[in-house]
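Heads up: the structure comes next, in structure tokens.
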Amino acid sequence: MAFSEEFLNELKRRNDIRTVVSRYISIKGTGKNPKGLCPFHGEKTPSFTLYTDSDSFYCFGCGVGGDVIRFTMLIENLDYAEAVKLLAERSGLEVPPDGIDDGFLKLKNTVLSINRETARFFNSYMMSTAGKKGYSYFKDRRLADATIRHFGLGYAPDSWTALADHLRNKGFHENDMITANVVYRGKNGRVYDRFRNRAMFPVIDLRGNVIAFSGRKMPDSDDTSKYVNTSDTPVYKKSHNLFALNFAKEHCKENLILCEGQMDVIALHQAGFCNAVAPLGTSFTSEQAQLISRYTPEVIITMDADSAGQKATEKAMGILSRAGVSVRVVRIPDGKDPDEFMKTYGKEGPHRFKALLEGAKGDVQYRLLRAADGIDTNSDDGKVRFLGRAAEILASIPSPIERDVYAGRLSEKYSVDKRVITAQVDRLFKKQRQTNAKKEARAAITVPYRDEINPQRGANMRAANAEEAIIALLIKNPNYLLRDERLKPELFITDFNRRLFGLISDRIQKGFGCDITHLSGELSGEETGRLAAILAREDARSSSFNEFEMCLCVLIEENEKKEIEADLSDDGDIGEIIKRIAKTKIKGS
């Protein structure tokens, strides 16, 4: 993606990396390298570091890094051009028309336009006489007109081509409709509507774009599929989004409520609980947990009470905990879901549901309650069975203080010596730790680390370290390039670092900037992250020319060693080889 030097310089000036990052996470520290908790993986000790000198970031926990554009791409789930456009819009900077690629970005904009028009069509049709059945469905679910408008709900006609015909009349091409996944092409080559005779729930992203749809079958339908959902498209990936987060993000300072389905979320929003969200036609994912962690410290789970809902709850608890999010669980009486609960209690529903939220159990408490299901804990046999399960749960808790607190509670409640419970928990904890250590050791042996970005680095560590130091020093001091004529691309032993050097030296020779922002448009996201890692590792290194010269000498020496090794393998003249080895030693001394 090509943007002008002047535009990128101004974009960087207006979007200070600390200011941009602070919109999403708390950054602490007043020096040149402030830190925060990484928004891209769960952690309790800050390893996400800003480097204000190079306008970059790097996380030593998960290895993600880059500049302000890369950060925006990751945090907002955008491609490079979209991230540049968003930063420009936020800072009042106009994107030059020749700086935007007409390819993939144009396709994404077309898909968004199709989705927006499709949402309007479904809503308009529902509000017409012909679509009365859809309107009645939502009214029967006790939704107010204001709620229907707020969520942009609609109804898909019981027709094979109504939407396709409408979009075609609006000037959209069939192939783009198929890409948007609102229609499909049949075996006969004709295009048919994907959603037919269904209550429609548009999915809206954090910027207000309609990115997908979920269609629920009507009560009179004999369709075997309860829901039909948009598949992944250029603008939508279901595992990376949450239903109603666009609304909930403004109301989740304390916590989010995680529901199972859209109607549960809508019913809760209508009742005043505007911090409710739900996954989208799939089980809860680590990507969704990371997304949640950017907005709130705690999630209250309200999944269905059936066995599938309980399994989903336990899975979500683990995923959220690993993402650093606190978890509590609500058990709704009589196996009801939030939507049914609100219908059952009417005006009393919000008050009663608030009480349920206040009494929500922490994840350990919830697991202990679940462990007691089906067991008569008043009997000796039942007590032994339950405490055995409870000990396994406590053994999974990393904190010794937390393990001790719960052991004490179990001791008091079931009249069992705390030392006995603690001994069992400690034994299981050590056993689990040993098992995990063995698994990690086996994984390290069977799955050796492979550097996908610079696969030659491992076999050429000394040269690669020198190469990376030179790259970092050149970005800090571009004038060094012209101060030593020995520095040539062919000196670089690893292909990736040679390519980085080529990009940097080319820009320096043309008089252009060569920092990470200028280079990120020429690199993939992973490559930009690697460059950020190089800058982070070299941040504390002296940036003097003497340091640069030392690294250059190391690189020259490593090249000479490579030549000698090649000569030896080719049975070269031993006398000449000895002379060259001696020459190398003199240079290195």
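Order determines the names: the first chain of the structure tokens is A, the second B, and so forth; residues in each chain are numbered 1 upward, and ligands are numbered 1 upward as they are shown.
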
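Residues within 7 Å of region 484-491 of chain A, counting only C-alpha atoms and excluding same-chain residues fewer than 6 positions away, are Arg498, Phe501, Gly502, Leu555, Ile556 and Asn559 of chain A.
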
Please, could you write that set of residues out with C-alpha atoms as an mmCIF file, in the first residue's frame?
data_model
loop_
_atom_site.group_PDB
_atom_site.id
_atom_site.type_symbol
_atom_site.label_atom_id
_atom_site.label_comp_id
_atom_site.auth_asym_id
_atom_site.auth_seq_id
_atom_site.Cartn_x
_atom_site.Cartn_y
_atom_site.Cartn_z
ATOM 1 C CA ARG A 498 18.849 -8.567 3.902
ATOM 2 C CA PHE A 501 18.284 -3.640 4.958
ATOM 3 C CA GLY A 502 17.427 -3.223 1.265
ATOM 4 C CA LEU A 555 29.134 -9.422 9.966
ATOM 5 C CA ILE A 556 32.258 -9.255 7.770
ATOM 6 C CA ASN A 559 30.935 -13.882 5.940
#

Checklist entry - Tell me, which residues of region 207-317 of chain A carry DSSP alpha helix (DSSP H), written as a VMD selection string? => result chain A and resid 245 to 248 262 to 270 286 to 293 307 to 317

Checklist entry - Quick one: residues within 8 Å of region 396-409 of chain A, only C-alpha atoms counted, chain neighbours fewer than 4 positions away excluded, as an NGL selection string? => result :A and (392 or 413 or 418 or 421-422 or 429 or 432)

Would you write out those residues with C-alpha atoms, as an mmCIF file, in the first residue's frame?
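For reference, part-v4.cif as written:
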data_model
loop_
_atom_site.group_PDB
_atom_site.id
_atom_site.type_symbol
_atom_site.label_atom_id
_atom_site.label_comp_id
_atom_site.auth_asym_id
_atom_site.auth_seq_id
_atom_site.Cartn_x
_atom_site.Cartn_y
_atom_site.Cartn_z
ATOM 1 C CA GLU A 392 -9.713 -31.471 42.080
ATOM 2 C CA LYS A 413 -19.411 -26.437 55.890
ATOM 3 C CA LYS A 418 -9.001 -28.480 56.966
ATOM 4 C CA ILE A 421 -8.571 -31.192 52.599
ATOM 5 C CA THR A 422 -5.404 -29.132 52.156
ATOM 6 C CA PHE A 429 -1.839 -29.676 42.668
ATOM 7 C CA GLN A 432 -1.149 -31.598 37.917
#

Item to check | Neighbour list for region 194-204 of chain A as an MDAnalysis selection string, cut-off 8 Å, only C-alpha atoms, skip fewer than 4 positions in-chain | outcome: chainID A and resid 119 122 134 137 151:160 181:184 208:218 221 228 243:244 246 262

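We find CA of Leu535 (chain A) and CA of Thr19 (chain A) to be spaced 20.2 Å apart.
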
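CA of Leu368 (chain A) sits 21.1 Å away from CA of Arg433 (chain A).
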
Checklist entry - Can you list, as a PyMOL selection string, every protein, DNA or RNA residue that comes within 8 Å of region 539-550 of chain A when you count only C-alpha atoms, leaving out same-chain residues fewer than 6 positions away? => result chain A and resi 469-470+473+476-477+480

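In this comparison, which uses only C-alpha atoms, the residue of A:Asn188, A:Ser54, A:Arg389, A:Lys431 approaching Ala472 (chain A) most closely is A:Ser54.
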
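Proximity of A:Ile75, A:Cys59, A:Leu87, A:Val68 to Ile17 (chain A), computed with only C-alpha atoms, is greatest for A:Val68.
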
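Ranking A:Ile178, A:Leu256, A:Ala278, A:Cys62 by their shortest atom-to-atom distance to Leu242 (chain A), with only C-alpha atoms included, puts A:Ala278 first.
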
Next on the checklist: Give me, as a list of chain:residue names, the residues of region 244-383 of chain A that a backbone DSSP run labels strand (DSSP E).
Outcome noted: A:Leu256, A:Ile257, A:Leu258, A:Ala276, A:Val277, A:Glu298, A:Val299, A:Ile300, A:Ile301, A:Ser326, A:Val327, A:Arg328, A:Val329, A:Lys361, A:Gly362

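Reported to one decimal place, the separation of CA of Arg530 (chain A) from CA of Leu37 (chain A) is 19.8 Å.
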